[in-house]
file work13.csv (CSV, C-alpha atoms)
chain,number,residue,atom,x,y,z
A,18,MET,CA,-14.3,-54.9,11.6
A,19,ALA,CA,-11.2,-56.1,13.5
A,20,LYS,CA,-8.5,-53.5,14.1
A,21,ARG,CA,-5.3,-54.0,12.4
A,22,THR,CA,-2.0,-53.9,14.3
A,23,LEU,CA,0.5,-51.1,13.9
A,24,GLU,CA,3.0,-53.5,12.3
A,25,SER,CA,0.5,-54.0,9.4
A,26,PHE,CA,0.8,-50.3,8.4
A,27,PHE,CA,4.5,-49.6,8.5
A,28,LYS,CA,7.8,-51.1,7.6
A,29,PRO,CA,11.1,-50.1,9.0
A,30,VAL,CA,12.9,-47.3,7.1
A,31,SER,CA,16.6,-46.9,6.6
A,32,PRO,CA,18.3,-44.0,8.3
A,33,PRO,CA,18.3,-40.8,6.1
A,34,SER,CA,21.2,-40.3,3.8
A,35,THR,CA,23.9,-37.9,4.9
A,36,GLU,CA,24.5,-36.8,1.3
A,37,LYS,CA,23.4,-33.3,0.5
A,38,ARG,CA,20.7,-34.4,-1.9
A,39,ILE,CA,17.1,-35.5,-1.6
A,40,LYS,CA,16.3,-39.0,-2.8
A,41,ILE,CA,12.9,-39.5,-4.5
A,42,ASP,CA,11.3,-42.9,-3.9
A,43,ASP,CA,10.4,-43.5,-7.5
A,44,SER,CA,9.6,-47.1,-7.1
A,45,ALA,CA,7.0,-46.4,-4.4
A,46,ARG,CA,5.5,-43.6,-6.5
A,47,GLN,CA,5.3,-45.8,-9.6
A,48,SER,CA,3.5,-48.5,-7.6
A,49,GLN,CA,0.7,-46.1,-6.8
A,50,SER,CA,-2.0,-46.9,-9.3
A,51,GLN,CA,-4.9,-44.8,-10.3
A,52,ALA,CA,-7.1,-47.1,-8.2
A,53,GLN,CA,-5.7,-45.7,-5.0
A,54,PHE,CA,-7.4,-42.4,-5.8
A,55,GLU,CA,-10.7,-43.9,-7.0
A,56,PRO,CA,-13.7,-44.1,-4.7
A,57,GLN,CA,-13.4,-46.9,-2.2
A,58,PRO,CA,-16.0,-48.4,0.2
A,59,ASP,CA,-16.3,-46.6,3.5
A,60,LEU,CA,-14.2,-48.2,6.2
A,61,ALA,CA,-15.8,-48.7,9.6
A,62,GLN,CA,-15.1,-45.8,12.0
A,63,ASP,CA,-14.9,-45.9,15.8
A,64,ASN,CA,-18.1,-45.1,17.6
A,65,VAL,CA,-17.1,-41.6,18.4
A,66,GLU,CA,-19.0,-38.4,18.0
A,67,PRO,CA,-18.0,-35.9,15.3
A,68,SER,CA,-16.6,-32.5,15.9
A,69,THR,CA,-19.4,-29.9,16.0
A,70,HIS,CA,-19.6,-26.2,16.5
A,71,PRO,CA,-22.1,-23.5,15.5
A,72,THR,CA,-19.6,-22.1,13.0
A,73,TYR,CA,-19.3,-25.5,11.2
A,74,PRO,CA,-21.8,-25.9,8.3
A,75,ILE,CA,-21.7,-29.7,8.9
A,76,PRO,CA,-20.5,-32.1,11.6
A,77,ILE,CA,-17.0,-33.2,10.9
A,78,PRO,CA,-16.2,-36.9,11.7
A,79,GLN,CA,-13.1,-37.9,13.7
A,80,LEU,CA,-10.5,-39.9,12.0
A,81,PRO,CA,-11.1,-43.6,11.5
A,82,SER,CA,-8.9,-45.7,13.8
A,83,HIS,CA,-6.7,-47.0,10.9
A,84,ILE,CA,-5.8,-43.5,9.8
A,85,ASP,CA,-5.5,-42.2,13.4
A,86,VAL,CA,-2.9,-45.0,14.1
A,87,GLY,CA,-0.9,-44.0,11.1
A,88,VAL,CA,-0.9,-40.3,12.0
A,89,VAL,CA,-0.2,-40.7,15.7
A,90,HIS,CA,2.3,-43.6,15.6
A,91,GLY,CA,3.8,-43.4,12.1
A,92,THR,CA,5.1,-39.8,11.9
A,93,PRO,CA,7.5,-38.8,10.7
A,94,ALA,CA,7.8,-41.7,8.3
A,95,ARG,CA,11.3,-40.5,7.4
A,96,GLU,CA,13.6,-37.9,9.0
A,97,PRO,CA,13.7,-34.6,7.1
A,98,GLN,CA,16.5,-33.1,5.0
A,99,ASN,CA,17.6,-29.6,5.9
A,100,ILE,CA,17.9,-27.3,2.9
A,101,THR,CA,19.8,-24.1,3.6
A,102,ASN,CA,22.1,-24.0,0.7
A,103,GLN,CA,20.8,-20.8,-1.0
A,104,PRO,CA,20.6,-17.3,0.4
A,105,HIS,CA,17.8,-16.8,3.0
A,106,LEU,CA,16.5,-20.4,2.4
A,107,ASP,CA,15.6,-22.5,5.4
A,108,LEU,CA,13.5,-25.6,4.7
A,109,LEU,CA,12.8,-29.0,6.2
A,110,TYR,CA,11.9,-31.5,3.5
A,111,PHE,CA,10.1,-34.7,4.7
A,112,GLN,CA,10.0,-37.3,1.9
A,113,PRO,CA,7.6,-38.6,3.2
A,114,TYR,CA,6.2,-37.3,6.5
A,115,LEU,CA,3.2,-39.7,6.3
A,116,SER,CA,3.4,-43.2,4.8
A,117,ARG,CA,1.9,-43.3,1.3
A,118,GLN,CA,-0.9,-45.6,2.5
A,119,THR,CA,-1.9,-43.4,5.4
A,120,ALA,CA,-1.6,-40.2,3.3
A,121,ASN,CA,-3.8,-41.6,0.5
A,122,GLU,CA,-6.5,-42.8,3.0
A,123,LEU,CA,-6.3,-39.4,4.8
A,124,PHE,CA,-6.7,-37.6,1.4
A,125,LYS,CA,-9.9,-39.5,0.6
A,126,PHE,CA,-11.3,-39.0,4.1
A,127,LEU,CA,-10.7,-35.2,4.2
A,128,ARG,CA,-12.0,-34.7,0.7
A,129,ARG,CA,-15.2,-36.5,1.6
A,130,GLU,CA,-15.8,-35.1,5.0
A,131,LEU,CA,-14.6,-31.4,5.0
A,132,PRO,CA,-16.7,-28.4,3.9
A,133,PHE,CA,-15.0,-26.5,1.0
A,134,TYR,CA,-15.5,-23.2,-0.6
A,135,ARG,CA,-14.7,-21.6,-4.0
A,136,VAL,CA,-14.2,-18.0,-2.8
A,137,GLN,CA,-14.9,-15.0,-5.0
A,138,TYR,CA,-13.6,-11.6,-4.0
A,139,SER,CA,-12.7,-8.2,-5.4
A,140,ILE,CA,-9.4,-6.4,-5.4
A,141,LYS,CA,-8.1,-3.1,-6.9
A,142,ARG,CA,-5.5,-3.3,-9.6
A,143,GLY,CA,-4.3,0.0,-10.9
A,144,GLY,CA,-7.3,1.7,-9.4
A,145,VAL,CA,-9.7,-0.7,-11.1
A,146,GLU,CA,-11.8,-3.1,-9.1
A,147,THR,CA,-11.3,-6.7,-10.4
A,148,SER,CA,-13.4,-9.8,-9.5
A,149,VAL,CA,-11.2,-12.8,-8.6
A,150,ASN,CA,-12.4,-16.5,-8.6
A,151,THR,CA,-10.1,-18.6,-6.4
A,152,PRO,CA,-8.6,-21.3,-8.7
A,153,ARG,CA,-9.0,-24.1,-6.1
A,154,PHE,CA,-11.3,-25.2,-3.3
A,155,THR,CA,-10.4,-23.9,0.2
A,156,THR,CA,-11.4,-24.2,3.9
A,157,VAL,CA,-9.8,-22.9,7.1
A,158,PHE,CA,-10.0,-23.4,10.9
A,159,GLY,CA,-8.3,-21.7,13.8
A,160,VAL,CA,-8.0,-18.3,15.6
A,161,ASP,CA,-5.0,-16.0,16.2
A,162,ASP,CA,-3.0,-15.7,19.4
A,163,THR,CA,-5.1,-13.0,20.9
A,164,ALA,CA,-8.0,-15.4,21.5
A,165,ARG,CA,-8.7,-19.1,22.2
A,166,PHE,CA,-11.4,-21.6,22.4
A,167,VAL,CA,-12.1,-23.1,25.8
A,168,ARG,CA,-14.7,-25.3,27.4
A,169,THR,CA,-17.6,-23.6,29.1
A,170,GLY,CA,-17.7,-23.9,32.8
A,171,CYS,CA,-13.9,-23.9,33.4
A,172,PRO,CA,-13.1,-21.3,36.0
A,173,ASP,CA,-9.4,-21.3,35.1
A,174,SER,CA,-9.0,-21.8,31.4
A,175,LYS,CA,-5.4,-20.7,30.9
A,176,ASP,CA,-4.3,-24.3,30.2
A,177,LYS,CA,-7.4,-25.2,28.2
A,178,ASP,CA,-6.3,-24.4,24.7
A,179,GLU,CA,-7.6,-26.0,21.5
A,180,LYS,CA,-5.5,-29.1,21.9
A,181,SER,CA,-8.2,-30.7,24.1
A,182,LEU,CA,-11.3,-29.1,22.6
A,183,HIS,CA,-13.2,-31.8,20.8
A,184,GLY,CA,-16.6,-31.6,22.6
A,185,HIS,CA,-20.0,-30.4,21.7
A,186,GLU,CA,-20.8,-26.9,20.5
A,187,HIS,CA,-22.2,-25.9,23.9
A,188,GLU,CA,-18.9,-26.8,25.5
A,189,LEU,CA,-16.8,-24.3,23.5
A,190,LYS,CA,-16.6,-20.5,23.7
A,191,LEU,CA,-14.1,-18.0,22.3
A,192,ILE,CA,-12.4,-15.9,24.9
A,193,ASN,CA,-9.7,-13.2,25.0
A,194,ALA,CA,-6.3,-14.9,25.6
A,195,GLN,CA,-5.2,-12.3,28.2
A,196,THR,CA,-8.4,-11.2,30.0
A,197,LYS,CA,-10.3,-14.5,29.7
A,198,ALA,CA,-13.4,-12.4,28.9
A,199,PRO,CA,-15.7,-13.4,25.9
A,200,VAL,CA,-14.5,-12.0,22.6
A,201,SER,CA,-16.5,-9.1,21.3
A,202,ALA,CA,-18.7,-9.9,18.3
A,203,ARG,CA,-17.1,-6.8,16.6
A,204,GLN,CA,-13.5,-8.2,16.8
A,205,TYR,CA,-13.8,-10.5,13.8
A,206,GLN,CA,-15.4,-10.0,10.4
A,207,TYR,CA,-16.1,-13.8,10.3
A,208,ASP,CA,-16.7,-16.1,13.3
A,209,PRO,CA,-13.5,-18.1,13.9
A,210,ARG,CA,-13.9,-21.9,13.8
A,211,PRO,CA,-12.0,-24.3,16.1
A,212,ILE,CA,-9.8,-26.8,14.5
A,213,PRO,CA,-11.7,-30.1,14.2
A,214,ALA,CA,-10.3,-33.2,15.9
A,215,CYS,CA,-9.5,-34.9,12.5
A,216,LEU,CA,-7.1,-32.0,11.7
A,217,ASP,CA,-6.0,-31.2,15.3
A,218,VAL,CA,-4.4,-34.6,15.9
A,219,LEU,CA,-2.3,-33.9,12.7
A,220,ARG,CA,-1.5,-30.4,13.9
A,221,GLN,CA,-0.1,-31.8,17.2
A,222,ARG,CA,2.1,-34.3,15.4
A,223,VAL,CA,3.5,-31.8,13.0
A,224,GLU,CA,4.2,-29.5,15.9
A,225,ALA,CA,6.2,-32.3,17.6
A,226,ALA,CA,8.2,-32.8,14.3
A,227,THR,CA,9.0,-29.2,13.7
A,228,GLY,CA,9.2,-27.7,17.2
A,229,ALA,CA,6.9,-24.9,16.1
A,230,ARG,CA,3.4,-24.0,17.4
A,231,TYR,CA,0.4,-23.5,15.1
A,232,ASN,CA,-3.0,-22.0,15.6
A,233,PHE,CA,-4.3,-22.2,12.0
A,234,CYS,CA,-5.0,-25.0,9.6
A,235,LEU,CA,-5.6,-24.0,5.9
A,236,VAL,CA,-6.8,-26.8,3.5
A,237,ASN,CA,-6.6,-26.4,-0.3
A,238,TYR,CA,-8.2,-28.9,-2.7
A,239,TYR,CA,-6.8,-28.9,-6.2
A,240,ALA,CA,-9.3,-30.8,-8.3
A,241,SER,CA,-7.0,-31.2,-11.3
A,242,GLY,CA,-4.0,-29.8,-13.0
A,243,GLU,CA,-6.1,-26.7,-13.9
A,244,ASP,CA,-6.3,-25.7,-10.2
A,245,SER,CA,-3.3,-23.7,-9.0
A,246,ILE,CA,-1.9,-21.0,-6.8
A,247,SER,CA,0.4,-18.3,-8.2
A,248,PHE,CA,3.8,-17.1,-6.9
A,249,HIS,CA,3.4,-15.5,-3.5
A,250,SER,CA,5.0,-15.4,-0.1
A,251,ASP,CA,3.4,-15.8,3.3
A,252,ASP,CA,5.1,-12.8,4.8
A,253,GLU,CA,2.2,-10.8,6.1
A,254,ARG,CA,2.8,-8.9,9.3
A,255,PHE,CA,0.0,-10.8,11.1
A,256,LEU,CA,2.3,-13.9,10.9
A,257,GLY,CA,5.1,-12.2,12.9
A,258,ASP,CA,8.8,-12.4,12.3
A,259,GLN,CA,10.3,-15.4,10.5
A,260,PRO,CA,7.0,-17.4,10.3
A,261,ASN,CA,7.2,-21.2,10.4
A,262,ILE,CA,4.7,-22.8,7.9
A,263,ALA,CA,4.4,-26.5,7.4
A,264,SER,CA,2.9,-27.6,4.1
A,265,LEU,CA,1.7,-31.3,3.8
A,266,SER,CA,0.6,-32.8,0.4
A,267,LEU,CA,-2.0,-35.6,0.1
A,268,GLY,CA,-3.2,-37.3,-3.1
A,269,GLY,CA,-1.9,-36.6,-6.6
A,270,GLU,CA,1.7,-35.4,-7.1
A,271,ARG,CA,2.2,-31.8,-8.1
A,272,GLU,CA,5.2,-29.6,-8.4
A,273,PHE,CA,6.1,-27.1,-5.6
A,274,VAL,CA,8.0,-24.2,-7.2
A,275,MET,CA,10.1,-21.7,-5.4
A,276,LYS,CA,12.1,-18.7,-6.6
A,277,HIS,CA,14.0,-16.0,-4.8
A,278,LYS,CA,12.4,-12.6,-4.8
A,279,PRO,CA,13.9,-10.2,-7.3
A,280,PRO,CA,17.3,-8.9,-6.2
A,281,PRO,CA,18.2,-5.2,-6.0
A,282,PRO,CA,18.7,-3.5,-9.4
A,283,THR,CA,22.4,-3.4,-9.0
A,284,ALA,CA,22.7,-7.2,-8.4
A,285,LYS,CA,23.3,-9.6,-11.3
A,286,CYS,CA,22.2,-13.1,-11.7
A,287,GLY,CA,23.6,-15.5,-14.3
A,288,SER,CA,22.1,-18.6,-15.7
A,289,ILE,CA,23.4,-21.7,-14.2
A,290,GLY,CA,23.0,-25.3,-15.4
A,291,ILE,CA,23.3,-28.4,-13.2
A,292,ARG,CA,24.2,-31.9,-14.3
A,293,THR,CA,24.6,-34.9,-12.0
A,294,GLY,CA,24.5,-38.6,-12.2
A,295,GLY,CA,21.0,-39.9,-12.9
A,296,MET,CA,19.7,-36.5,-14.0
A,297,ARG,CA,18.1,-35.8,-17.4
A,298,ASN,CA,16.2,-32.9,-18.9
A,299,MET,CA,17.6,-30.2,-16.7
A,300,ASP,CA,16.0,-26.9,-17.7
A,301,VAL,CA,17.7,-23.6,-17.2
A,302,SER,CA,15.7,-20.4,-17.1
A,303,ASP,CA,16.9,-16.9,-18.0
A,304,SER,CA,16.1,-15.8,-14.4
A,305,GLY,CA,18.7,-17.9,-12.8
A,306,GLY,CA,18.1,-21.6,-13.5
A,307,THR,CA,15.4,-24.2,-13.0
A,308,ALA,CA,16.1,-27.7,-11.9
A,309,THR,CA,13.2,-29.9,-13.0
A,310,LYS,CA,12.3,-33.4,-12.0
A,311,PRO,CA,14.0,-35.8,-14.4
A,312,SER,CA,11.8,-37.7,-16.8
A,313,GLN,CA,11.4,-41.4,-16.3
A,314,THR,CA,11.7,-43.6,-19.4
A,315,ALA,CA,10.9,-47.2,-19.9
A,316,GLY,CA,13.7,-49.5,-18.9
A,317,THR,CA,15.6,-46.9,-16.9
A,318,THR,CA,17.4,-48.5,-13.9
A,319,ASN,CA,19.3,-45.5,-12.7
A,320,SER,CA,18.0,-44.0,-9.4
A,321,GLN,CA,16.6,-40.5,-9.9
A,322,HIS,CA,17.5,-37.7,-7.5
A,323,TRP,CA,16.4,-34.1,-7.0
A,324,VAL,CA,19.7,-32.3,-6.2
A,325,ALA,CA,19.6,-29.0,-4.5
A,326,PRO,CA,22.0,-26.4,-5.9
A,327,SER,CA,25.1,-25.5,-3.9
A,328,HIS,CA,25.9,-22.2,-2.1
A,329,GLY,CA,27.8,-20.9,-5.1
A,330,GLN,CA,24.9,-21.2,-7.4
A,331,MET,CA,22.9,-18.1,-6.4
A,332,GLN,CA,19.2,-17.8,-6.7
A,333,GLN,CA,18.4,-21.1,-8.4
A,334,GLN,CA,14.7,-21.6,-9.0
A,335,ILE,CA,13.6,-24.8,-7.3
A,336,LYS,CA,11.0,-27.4,-8.3
A,337,MET,CA,10.1,-30.1,-5.8
A,338,PRO,CA,7.9,-32.9,-6.9
A,339,LEU,CA,5.6,-33.4,-3.9
A,340,ALA,CA,4.0,-36.8,-3.7
A,341,SER,CA,1.3,-38.0,-1.3
A,342,GLY,CA,2.6,-37.7,2.3
A,343,ASP,CA,5.5,-35.4,1.5
A,344,MET,CA,5.9,-32.2,3.6
A,345,VAL,CA,7.9,-29.0,3.3
A,346,VAL,CA,8.4,-26.7,6.3
A,347,MET,CA,9.4,-23.1,5.4
A,348,ARG,CA,11.0,-21.2,8.3
A,349,GLY,CA,13.5,-18.6,9.2
A,350,ASP,CA,14.0,-15.9,6.4
A,351,THR,CA,12.3,-18.0,3.7
A,352,GLN,CA,9.1,-16.1,3.5
A,353,SER,CA,10.8,-12.7,3.5
A,354,HIS,CA,13.0,-13.6,0.5
A,355,TRP,CA,11.4,-16.4,-1.4
A,356,LEU,CA,8.2,-16.9,-3.4
A,357,HIS,CA,6.4,-20.3,-3.9
A,358,SER,CA,3.6,-21.6,-6.1
A,359,ILE,CA,1.7,-24.6,-7.5
A,360,PRO,CA,1.5,-23.9,-11.2
A,361,LYS,CA,-1.1,-25.3,-13.6
A,362,ARG,CA,-0.3,-28.5,-15.4
A,363,ARG,CA,-2.6,-28.5,-18.4
A,364,GLY,CA,-2.8,-31.7,-20.5
A,365,ARG,CA,-0.5,-33.6,-18.4
A,366,ALA,CA,-1.5,-37.2,-17.8
A,367,GLY,CA,-1.2,-39.0,-14.5
A,368,ASP,CA,-1.0,-37.2,-11.1
A,369,ALA,CA,-1.8,-33.8,-12.4
A,370,VAL,CA,-5.3,-34.9,-13.3
A,371,ARG,CA,-5.9,-36.4,-9.9
A,372,GLY,CA,-7.1,-34.5,-6.9
A,373,ARG,CA,-4.7,-33.1,-4.4
A,374,ILE,CA,-5.1,-31.7,-0.9
A,375,ASN,CA,-2.6,-29.4,0.6
A,376,ILE,CA,-2.7,-28.7,4.3
A,377,THR,CA,-0.7,-25.8,5.8
A,378,PHE,CA,-0.2,-25.2,9.5
A,379,ARG,CA,0.8,-21.7,10.6
A,380,LYS,CA,0.5,-19.2,13.5
A,381,ALA,CA,-1.3,-15.9,13.3
A,382,VAL,CA,-0.5,-13.4,16.1
A,383,VAL,CA,-3.2,-10.7,15.7
A,384,PRO,CA,-6.8,-10.5,14.6
A,385,ALA,CA,-5.8,-9.3,11.1
A,386,GLY,CA,-4.6,-12.8,10.4
A,387,THR,CA,-7.9,-14.3,11.4
A,388,ASN,CA,-9.9,-11.9,9.3
A,389,ASN,CA,-7.6,-12.4,6.3
A,390,TYR,CA,-7.8,-16.2,6.4
A,391,TYR,CA,-11.5,-16.5,6.7
A,392,HIS,CA,-12.1,-13.8,4.1
A,393,TYR,CA,-10.0,-15.5,1.4
A,394,ASN,CA,-10.7,-19.2,2.4
A,395,VAL,CA,-14.3,-19.2,3.5
A,396,GLY,CA,-15.9,-15.9,2.4
A,397,SER,CA,-19.7,-15.7,2.1
A,398,GLY,CA,-20.4,-18.1,-0.7
A,399,PRO,CA,-21.9,-21.6,-0.8
A,400,VAL,CA,-20.5,-24.7,0.8
A,401,TYR,CA,-19.1,-27.5,-1.5
A,402,ARG,CA,-19.0,-31.2,-0.7
A,403,TRP,CA,-17.4,-34.1,-2.4
A,404,ASP,CA,-19.8,-36.2,-4.4
A,405,GLU,CA,-18.4,-39.7,-4.4
A,406,GLY,CA,-20.7,-41.0,-7.1
A,407,ARG,CA,-20.0,-38.2,-9.6
A,408,GLY,CA,-16.3,-37.7,-8.5
A,409,VAL,CA,-16.6,-33.9,-8.3
A,410,MET,CA,-17.2,-31.1,-5.8
A,411,VAL,CA,-20.8,-30.0,-5.8
A,412,LYS,CA,-22.7,-27.3,-3.9
A,413,SER,CA,-24.1,-28.6,-0.6
A,414,GLY,CA,-27.7,-29.7,-1.1
A,415,GLU,CA,-27.3,-30.5,-4.8
A,416,SER,CA,-27.7,-34.1,-5.8
call {"tool": "encode", "arguments": {"input": "work13.csv", "output": "structure tokens"}}
result
Amino acid sequence: MAKRTLESFFKPVSPPSTEKRIKIDDSARQSQSQAQFEPQPDLAQDNVEPSTHPTYPIPIPQLPSHIDVGVVHGTPAREPQNITNQPHLDLLYFQPYLSRQTANELFKFLRRELPFYRVQYSIKRGGVETSVNTPRFTTVFGVDDTARFVRTGCPDSKDKDEKSLHGHEHELKLINAQTKAPVSARQYQYDPRPIPACLDVLRQRVEAATGARYNFCLVNYYASGEDSISFHSDDERFLGDQPNIASLSLGGEREFVMKHKPPPPTAKCGSIGIRTGGMRNMDVSDSGGTATKPSQTAGTTNSQHWVAPSHGQMQQQIKMPLASGDMVVMRGDTQSHWLHSIPKRRGRAGDAVRGRINITFRKAVVPAGTNNYYHYNVGSGPVYRWDEGRGVMVKSGES
């Protein structure tokens, strides 16, 4: 198959608006038909070997050239908006980071080629042990800052970090980042996995856009509106102070909801409503206000905007509609003071019933982070693979 030129993938974009608001490209989103998320014939891939490692349950192919071009040369598709207008909030909002076409193709590729897990684990609540079934499919790659993967046979490996490690399994080993000695088998509860090439190229481009450095890649697959993640913050000590976390959405649109952590008992929060041109159906919650995405009715010509609340409107709950290719980067004090979630969307037609992949890049600084991520995102259960014919995730080996 002849390779297409870069110009065939991208069109010039206008400079970002200087207004303190985030414009949603509704026309582009409406043009995405259900067919974009339906199974498509496999496109020819370059004759390159897949990423392999003893810790991988399967070989993981490298990106096809048409996706690789979009990731390497087309990012960011639009410059980000800085959102710092609420207490302790520091976000970069790329809308989008990847072009819609590249994002949708990457979504289908990763869903088809990555190994996923549906982790079960136990926790104690009120002294009672409770079994938890993770309400989404997960997978993870990476290792914390105390160790790194290097090629075997390199006498001086201090510059050989995972950016260049896409060889065979016998070329990779895990060493202590300081002493360069092999990592003890007792250091980790689960064997860390190097980031495969198809995700590592994306990691490097996101690092260039954010100025941060990441050593972990977590991938969540939301099969439908029933799959979710509850309110939480990524403020664990193993992420260090003021962690920078980049969250990229692929596939079906879902709402990303943020709310400020509860204020001290002496503080008071009032309910605040917002109305601006082009906005409808603005919901206000008792906990301080919720700005929802406006509904789109037939024949509407007004442009729709998500408008961030001003400094004077304290502790507004935020809902961001994340379409395929959009990315939110949470940094600074955000994790210390804000919670975020992807809520369930039962019975909602359209994007909520489509699959969605969320990729988050982050940096763990100590082994506790590595143990945590593999425990909750890989665990000891079976591997799941995408069945193109049935359109569902199935246990590996099942027909």
call {"tool": "closest_residue", "arguments": {"input": "work13.csv", "among": "A:Trp403, A:Phe273, A:Tyr391, A:Phe255", "to": "Tyr110 (chain A)", "atoms": "all atoms listed in the file"}}
result
A:Phe273
call {"tool": "residues_around", "arguments": {"input": "work13.csv", "residues": "His357 (chain A)", "least_positions_apart": "2", "cutoff": "10 Å", "atoms": "all atoms listed in the file", "output": "PyMOL selection string"}}
result
chain A and resi 246-251+273-278+334-336+351-352+355+359-360
call {"tool": "write_last_selection", "arguments": {"input": "work13.csv", "atoms": "C-alpha atoms", "output": "compact mmCIF listing (two decimals), keeping the file's coordinate frame"}}
result
# COMPACT_ATOMS: atom_id res chain seq x y z
CA ILE A 246 -1.90 -21.00 -6.80
CA SER A 247 0.40 -18.30 -8.20
CA PHE A 248 3.80 -17.10 -6.90
CA HIS A 249 3.40 -15.50 -3.50
CA SER A 250 5.00 -15.40 -0.10
CA ASP A 251 3.40 -15.80 3.30
CA PHE A 273 6.10 -27.10 -5.60
CA VAL A 274 8.00 -24.20 -7.20
CA MET A 275 10.10 -21.70 -5.40
CA LYS A 276 12.10 -18.70 -6.60
CA HIS A 277 14.00 -16.00 -4.80
CA LYS A 278 12.40 -12.60 -4.80
CA GLN A 334 14.70 -21.60 -9.00
CA ILE A 335 13.60 -24.80 -7.30
CA LYS A 336 11.00 -27.40 -8.30
CA THR A 351 12.30 -18.00 3.70
CA GLN A 352 9.10 -16.10 3.50
CA TRP A 355 11.40 -16.40 -1.40
CA ILE A 359 1.70 -24.60 -7.50
CA PRO A 360 1.50 -23.90 -11.20
call {"tool": "atom_distance", "arguments": {"input": "work13.csv", "atom1": "CA of Ser266 (chain A)", "atom2": "CA of Ser341 (chain A)"}}
result
5.5 Å
call {"tool": "atom_distance", "arguments": {"input": "work13.csv", "atom1": "CA of Pro213 (chain A)", "atom2": "CA of Thr119 (chain A)"}}
result
18.7 Å
call {"tool": "closest_residue", "arguments": {"input": "work13.csv", "among": "A:Val136, A:Leu216, A:Val88, A:Ile262", "to": "Pro399 (chain A)", "atoms": "only C-alpha atoms"}}
result
A:Val136
call {"tool": "atom_distance", "arguments": {"input": "work13.csv", "atom1": "CA of Tyr73 (chain A)", "atom2": "CA of Val157 (chain A)"}}
result
10.7 Å
